[in-house]
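For reference, start08.txt (compact mmCIF, C-alpha atoms):
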```txt
# COMPACT_ATOMS: atom_id res chain seq x y z
CA MET Z 13 -5.78 4.26 -18.94
CA PRO Z 14 -3.66 5.32 -21.86
CA ASP Z 15 -0.40 3.37 -21.79
CA VAL Z 16 -1.71 -0.03 -20.81
CA ARG Z 17 -3.15 -3.04 -22.54
CA THR Z 18 -6.44 -4.56 -21.55
CA SER Z 19 -6.65 -8.21 -20.75
CA THR Z 20 -10.43 -8.27 -20.51
CA PRO Z 21 -13.06 -6.20 -22.34
CA GLY Z 22 -15.10 -5.06 -19.36
CA PRO Z 23 -15.39 -4.75 -15.61
CA VAL Z 24 -14.85 -7.81 -13.46
CA ARG Z 25 -15.84 -8.61 -9.91
CA PRO Z 26 -18.88 -6.53 -9.09
CA SER Z 27 -18.32 -4.47 -6.01
CA THR Z 28 -20.18 -5.35 -2.87
CA ASP Z 29 -19.36 -1.89 -1.59
CA VAL Z 30 -22.06 0.26 -3.15
CA ILE Z 31 -22.67 3.01 -0.64
CA THR Z 32 -26.37 3.66 -0.14
CA ASP Z 33 -28.70 5.03 2.45
CA SER Z 34 -31.98 3.12 2.31
CA ALA Z 35 -33.94 6.13 3.55
CA SER Z 36 -32.67 8.64 1.01
CA GLY Z 37 -31.14 6.65 -1.88
CA PRO Z 38 -27.51 6.92 -2.90
CA ALA Z 39 -25.23 8.36 -0.24
CA ALA Z 40 -22.33 10.72 -0.78
CA PRO Z 41 -19.68 9.70 -3.29
CA PRO Z 42 -16.85 7.59 -1.85
CA SER Z 43 -14.13 9.55 -0.09
CA ALA Z 44 -10.43 9.02 -0.73
CA ALA Z 45 -10.28 7.07 2.56
CA GLU Z 46 -13.11 4.79 1.41
CA LEU Z 47 -11.34 4.23 -1.90
CA LEU Z 48 -8.17 3.33 0.00
CA ASP Z 49 -10.11 0.83 2.11
CA PHE Z 50 -11.57 -0.71 -1.07
CA ALA Z 51 -8.11 -0.89 -2.68
CA ARG Z 52 -6.64 -2.57 0.44
CA ARG Z 53 -9.39 -5.19 0.58
CA THR Z 54 -9.13 -5.85 -3.16
CA ALA Z 55 -5.31 -6.08 -3.03
CA ALA Z 56 -5.70 -8.76 -0.33
CA ASP Z 57 -7.78 -10.94 -2.72
CA ALA Z 58 -5.00 -13.34 -3.77
CA GLU Z 59 -7.23 -15.15 -6.27
CA LEU Z 60 -8.05 -11.90 -8.09
CA VAL Z 61 -4.45 -10.65 -8.02
CA ASP Z 62 -3.18 -14.00 -9.35
CA SER Z 63 -5.76 -13.89 -12.18
CA LEU Z 64 -4.12 -10.86 -13.82
CA PRO Z 65 -2.11 -11.90 -16.90
CA LEU Z 66 1.37 -10.39 -16.69
CA ASP Z 67 3.24 -9.23 -19.79
CA PRO Z 68 7.07 -9.05 -19.64
CA GLU Z 69 7.14 -5.80 -21.64
CA GLY Z 70 4.02 -3.72 -20.95
CA ARG Z 71 1.59 -3.00 -18.19
CA THR Z 72 -1.62 -5.05 -18.16
CA TRP Z 73 -4.88 -4.28 -16.43
CA LEU Z 74 -8.33 -5.44 -15.47
CA ARG Z 75 -11.14 -2.97 -14.91
CA LEU Z 76 -12.95 -3.54 -11.62
CA ASP Z 77 -16.24 -2.28 -10.25
CA GLY Z 78 -15.34 0.22 -7.56
CA PRO Z 79 -17.55 1.39 -4.70
CA GLY Z 80 -20.17 4.10 -5.18
CA GLY Z 81 -19.65 4.57 -8.92
CA SER Z 82 -15.88 4.86 -8.71
CA GLU Z 83 -13.50 3.64 -11.40
CA ALA Z 84 -11.09 0.90 -10.31
CA TRP Z 85 -8.23 -1.05 -11.90
CA LEU Z 86 -5.97 -4.00 -11.13
CA ILE Z 87 -2.65 -3.18 -12.84
CA GLY Z 88 0.40 -5.35 -13.54
CA TRP Z 89 3.77 -3.62 -13.76
CA PRO Z 90 6.72 -5.33 -15.47
CA PRO Z 91 10.15 -4.72 -13.90
CA GLY Z 92 11.32 -1.14 -14.30
CA THR Z 93 8.10 0.29 -15.74
CA GLY Z 94 6.35 3.46 -14.61
CA THR Z 95 3.66 5.97 -15.43
CA GLY Z 96 5.59 9.18 -15.94
CA TRP Z 97 4.40 12.36 -14.22
CA HIS Z 98 0.61 12.82 -14.40
CA ASP Z 99 -2.51 13.92 -12.55
CA HIS Z 100 -6.03 12.49 -12.49
CA GLY Z 101 -8.05 15.34 -13.95
CA GLY Z 102 -9.58 16.45 -10.65
CA SER Z 103 -10.54 12.99 -9.37
CA HIS Z 104 -9.48 11.88 -5.90
CA GLY Z 105 -8.32 8.34 -5.40
CA ALA Z 106 -6.15 5.70 -3.83
CA PHE Z 107 -3.84 2.87 -4.75
CA VAL Z 108 -2.32 -0.12 -2.96
CA ALA Z 109 0.52 -2.44 -3.95
CA ALA Z 110 -0.89 -5.98 -4.04
CA ALA Z 111 2.34 -7.76 -5.00
CA GLY Z 112 5.90 -6.61 -5.39
CA GLU Z 113 6.74 -3.01 -4.58
CA LEU Z 114 6.02 0.39 -6.09
CA ASN Z 115 7.73 3.72 -5.57
CA GLU Z 116 5.81 6.96 -5.82
CA GLN Z 117 7.32 10.38 -6.42
CA SER Z 118 4.82 13.16 -5.84
CA LEU Z 119 4.60 16.91 -5.51
CA ALA Z 120 3.48 18.44 -2.22
CA ALA Z 121 2.07 21.49 -4.00
CA ARG Z 122 -1.27 22.38 -5.51
CA LEU Z 123 -0.72 23.19 -9.17
CA PRO Z 124 -3.01 25.39 -11.21
CA THR Z 125 -5.01 23.24 -13.62
CA GLU Z 126 -5.28 25.75 -16.48
CA GLY Z 127 -3.34 28.59 -18.05
CA TRP Z 128 0.23 27.32 -17.88
CA LYS Z 129 2.64 25.24 -19.91
CA THR Z 130 5.77 25.37 -17.73
CA LEU Z 131 6.16 25.76 -13.95
CA GLU Z 132 9.24 26.22 -11.82
CA LEU Z 133 8.89 24.06 -8.69
CA ALA Z 134 10.12 25.06 -5.23
CA ASP Z 135 12.96 23.12 -3.60
CA ASP Z 136 10.78 21.50 -0.93
CA VAL Z 137 7.87 20.04 -2.96
CA ASP Z 138 9.25 16.56 -3.72
CA ARG Z 139 7.97 13.57 -1.78
CA GLU Z 140 8.90 9.92 -2.22
CA ARG Z 141 7.14 6.84 -0.85
CA ARG Z 142 8.13 3.20 -0.98
CA LEU Z 143 5.02 1.01 -1.11
CA PRO Z 144 5.65 -2.71 -0.53
CA ALA Z 145 2.81 -5.22 -0.92
CA GLY Z 146 -0.13 -4.28 1.31
CA GLN Z 147 0.83 -0.60 1.53
CA GLY Z 148 -0.86 2.24 -0.29
CA ARG Z 149 -2.09 5.77 -0.08
CA ALA Z 150 -5.06 8.00 -0.74
CA PHE Z 151 -4.79 11.33 -2.54
CA GLY Z 152 -6.86 14.40 -3.30
CA PRO Z 153 -8.05 15.88 -6.59
CA HIS Z 154 -4.90 17.96 -7.20
CA HIS Z 155 -2.37 15.16 -6.80
CA VAL Z 156 0.53 15.04 -9.28
CA HIS Z 157 2.82 12.00 -9.19
CA GLU Z 158 4.63 9.23 -10.99
CA VAL Z 159 4.58 5.57 -9.97
CA ILE Z 160 7.40 3.14 -10.74
CA ASN Z 161 8.12 -0.55 -10.23
CA PRO Z 162 11.76 -0.24 -9.06
CA SER Z 163 12.55 -3.95 -9.38
CA GLY Z 164 14.80 -5.06 -12.18
CA THR Z 165 13.46 -8.63 -12.04
CA GLU Z 166 10.00 -8.86 -10.44
CA HIS Z 167 6.52 -7.79 -11.54
CA ALA Z 168 4.41 -5.66 -9.22
CA VAL Z 169 0.61 -5.61 -9.10
CA SER Z 170 -1.54 -2.82 -7.68
CA VAL Z 171 -5.16 -1.77 -7.20
CA HIS Z 172 -6.24 1.81 -8.08
CA ALA Z 173 -9.60 3.54 -7.54
CA TYR Z 174 -10.76 7.03 -8.59
CA TYR Z 175 -13.84 9.16 -8.05
CA PRO Z 176 -15.28 10.56 -10.12
CA PRO Z 177 -14.19 8.21 -12.90
CA LEU Z 178 -11.21 9.80 -14.66
CA PRO Z 179 -12.45 12.69 -16.86
CA LEU Z 180 -8.91 13.24 -18.20
CA MET Z 181 -5.25 12.86 -17.34
CA ARG Z 182 -2.63 15.53 -17.75
CA ARG Z 183 0.84 14.22 -18.64
CA TYR Z 184 3.94 16.15 -17.60
CA SER Z 185 7.67 16.02 -18.24
CA ARG Z 186 10.13 17.07 -15.60
CA THR Z 187 13.68 18.32 -15.79
CA GLY Z 188 15.13 19.33 -12.44
CA HIS Z 189 12.71 21.85 -10.93
CA THR Z 190 10.90 22.52 -14.22
CA LEU Z 191 7.54 20.80 -14.78
CA ARG Z 192 6.08 21.04 -18.28
CA LEU Z 193 2.54 20.14 -19.35
CA GLU Z 194 2.96 17.85 -22.36
CA GLN Z 195 -0.47 16.40 -23.10
CA VAL Z 196 -4.08 16.23 -21.93
CA GLU Z 197 -5.63 12.81 -22.53
CA ARG Z 198 -9.33 11.98 -22.43
CA PRO Z 199 -10.89 8.52 -21.89
CA GLU Z 200 -12.18 8.29 -25.46
CA GLU Z 201 -8.54 8.46 -26.66
CA TRP Z 202 -7.49 5.47 -24.55
CA GLY Z 203 -9.37 2.81 -26.56
```

Take the structure in this file and express it as structure tokens.
Amino acid sequence: MPDVRTSTPGPVRPSTDVITDSASGPAAPPSAAELLDFARRTAADAELVDSLPLDPEGRTWLRLDGPGGSEAWLIGWPPGTGTGWHDHGGSHGAFVAAAGELNEQSLAARLPTEGWKTLELADDVDRERRLPAGQGRAFGPHHVHEVINPSGTEHAVSVHAYYPPLPLMRRYSRTGHTLRLEQVERPEEWG
């Protein structure tokens, strides 16, 4: 996670949700719906949510053990902070607001992943969701969005899960209907 600060060096709370089939070993990777279920249950863990140190100026996070080899995070959002436009490098996932409220702006269009620097978006691709505490959403591998804490005074906290673990993130800028690829980040750069 590139623009966040860690508040612990490694994963916390081992998952009890490892998906296995005793007859044939590991089952299929977790679906987006299963990741959403995990994020909802984790967001309801008041003790865990309250354990996240909150910084008044920057996002904070704790890495969690997600189900079935997924990557999961508990993230604290100071008032007015956001992610900027990005994707998840082909991973599917889910997130749930655990405290406060988040807004998500997303694109209802499948973007090509390679071979472009600037795209002109159609008029009808924008979607917006308000996600108060307890609400969330799952998304597929081609999801492009930005997430914002709209409050001017209150922190928000959320739970995010991705499968496969994030191989990269593409960062975009947006002006009107023009989306521009700005940067491709890889996990080794996030240290």

Where does segment 101-148 of chain Z meet segment 157-176 of chain Z within 10 Å, residue by residue, with the nearest atom pair and distance in Å to one decimal for each, counting only C-alpha atoms, listed by chain and rising number, as a tab-separated table?
```
residue	atom	partner	partner_atom	distance
Z:Gly101	CA	Z:Pro176	CA	9.5
Z:Gly102	CA	Z:Pro176	CA	8.2
Z:Ser103	CA	Z:Tyr175	CA	5.2
Z:His104	CA	Z:Tyr175	CA	5.6
Z:Gly105	CA	Z:Tyr174	CA	4.2
Z:Ala106	CA	Z:Ala173	CA	5.5
Z:Phe107	CA	Z:His172	CA	4.2
Z:Val108	CA	Z:Val171	CA	5.4
Z:Ala109	CA	Z:Ser170	CA	4.3
Z:Ala110	CA	Z:Ser170	CA	4.9
Z:Ala111	CA	Z:Val169	CA	4.9
Z:Gly112	CA	Z:Ala168	CA	4.2
Z:Glu113	CA	Z:Ala168	CA	5.8
Z:Leu114	CA	Z:Asn161	CA	4.7
Z:Asn115	CA	Z:Ile160	CA	5.2
Z:Glu116	CA	Z:Val159	CA	4.5
Z:Gln117	CA	Z:Glu158	CA	5.4
Z:Ser118	CA	Z:His157	CA	4.1
Z:Leu119	CA	Z:His157	CA	6.4
Z:Ala120	CA	Z:His157	CA	9.5
Z:Asp138	CA	Z:His157	CA	9.6
Z:Arg139	CA	Z:His157	CA	9.2
Z:Glu140	CA	Z:His157	CA	9.5
Z:Arg141	CA	Z:Val159	CA	9.6
Z:Arg142	CA	Z:Pro162	CA	9.5
Z:Leu143	CA	Z:Asn161	CA	9.8
Z:Pro144	CA	Z:Ala168	CA	9.3
Z:Ala145	CA	Z:Ser170	CA	8.4
Z:Gly146	CA	Z:Ser170	CA	9.2
Z:Gln147	CA	Z:Ser170	CA	9.8
Z:Gly148	CA	Z:Ser170	CA	9.0
```

Those same residues - C-alpha atoms - I'd like them written as a compact mmCIF listing (two decimals), keeping the file's coordinate frame.
```
# COMPACT_ATOMS: atom_id res chain seq x y z
CA GLY Z 101 -8.05 15.34 -13.95
CA GLY Z 102 -9.58 16.45 -10.65
CA SER Z 103 -10.54 12.99 -9.37
CA HIS Z 104 -9.48 11.88 -5.90
CA GLY Z 105 -8.32 8.34 -5.40
CA ALA Z 106 -6.15 5.70 -3.83
CA PHE Z 107 -3.84 2.87 -4.75
CA VAL Z 108 -2.32 -0.12 -2.96
CA ALA Z 109 0.52 -2.44 -3.95
CA ALA Z 110 -0.89 -5.98 -4.04
CA ALA Z 111 2.34 -7.76 -5.00
CA GLY Z 112 5.90 -6.61 -5.39
CA GLU Z 113 6.74 -3.01 -4.58
CA LEU Z 114 6.02 0.39 -6.09
CA ASN Z 115 7.73 3.72 -5.57
CA GLU Z 116 5.81 6.96 -5.82
CA GLN Z 117 7.32 10.38 -6.42
CA SER Z 118 4.82 13.16 -5.84
CA LEU Z 119 4.60 16.91 -5.51
CA ALA Z 120 3.48 18.44 -2.22
CA ASP Z 138 9.25 16.56 -3.72
CA ARG Z 139 7.97 13.57 -1.78
CA GLU Z 140 8.90 9.92 -2.22
CA ARG Z 141 7.14 6.84 -0.85
CA ARG Z 142 8.13 3.20 -0.98
CA LEU Z 143 5.02 1.01 -1.11
CA PRO Z 144 5.65 -2.71 -0.53
CA ALA Z 145 2.81 -5.22 -0.92
CA GLY Z 146 -0.13 -4.28 1.31
CA GLN Z 147 0.83 -0.60 1.53
CA GLY Z 148 -0.86 2.24 -0.29
```

Using all atoms listed in the file, the residue out of Z:Leu47, Z:Val61, Z:Arg149, Z:Ile87 with shortest distance to Trp73 of chain Z is Z:Ile87

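Ranking Z:His100, Z:Phe50, Z:Phe151, Z:Gly81 by their shortest atom-to-atom distance to Arg198 of chain Z, with only C-alpha atoms included, puts Z:His100 first.
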
Could you check how far atom CA of Val137 of chain Z sits from atom CA of Val156 of chain Z, in Å to one decimal?
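Value for the atom CA of Val137 of chain Z-atom CA of Val156 of chain Z distance: 10.9 Å.
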
Residue with smallest distance to Asp62 of chain Z - pool Z:Ala39, Z:Leu178, Z:Leu86, Z:Ala44, counting all atoms listed in the file:
Z:Leu86

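When only C-alpha atoms are used to measure the gap to Pro42 of chain Z, the shortest distance among Z:Thr72, Z:Ala150, Z:Asp135, Z:Gly92 belongs to Z:Ala150.
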
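Considering all atoms listed in the file, the residue among Z:Pro91, Z:Gly78, Z:Pro179, Z:Pro153 positioned nearest to Val196 of chain Z is Z:Pro179.
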
Enter the distance from atom CA of Thr125 of chain Z to atom CA of Leu76 of chain Z, in Å, rounded to one decimal.
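Rounded to one decimal, the two atoms are 28.0 Å apart.
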
So that I can check the surroundings of Arg183 of chain Z, please list as an mmCIF file with C-alpha atoms, in the coordinates of the input every protein, DNA and RNA residue that reaches within 6 Å of it, counting only C-alpha atoms and ignoring chain neighbours fewer than 5 positions away.
```cif
data_model
loop_
_atom_site.group_PDB
_atom_site.id
_atom_site.type_symbol
_atom_site.label_atom_id
_atom_site.label_comp_id
_atom_site.auth_asym_id
_atom_site.auth_seq_id
_atom_site.Cartn_x
_atom_site.Cartn_y
_atom_site.Cartn_z
ATOM 1 C CA TRP Z 97 4.400 12.360 -14.220
ATOM 2 C CA HIS Z 98 0.610 12.820 -14.400
ATOM 3 C CA GLU Z 194 2.960 17.850 -22.360
ATOM 4 C CA GLN Z 195 -0.470 16.400 -23.100
#
```

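Atom pair atom CA of Pro124 of chain Z / atom CA of Gly188 of chain Z: separated by 19.2 Å.
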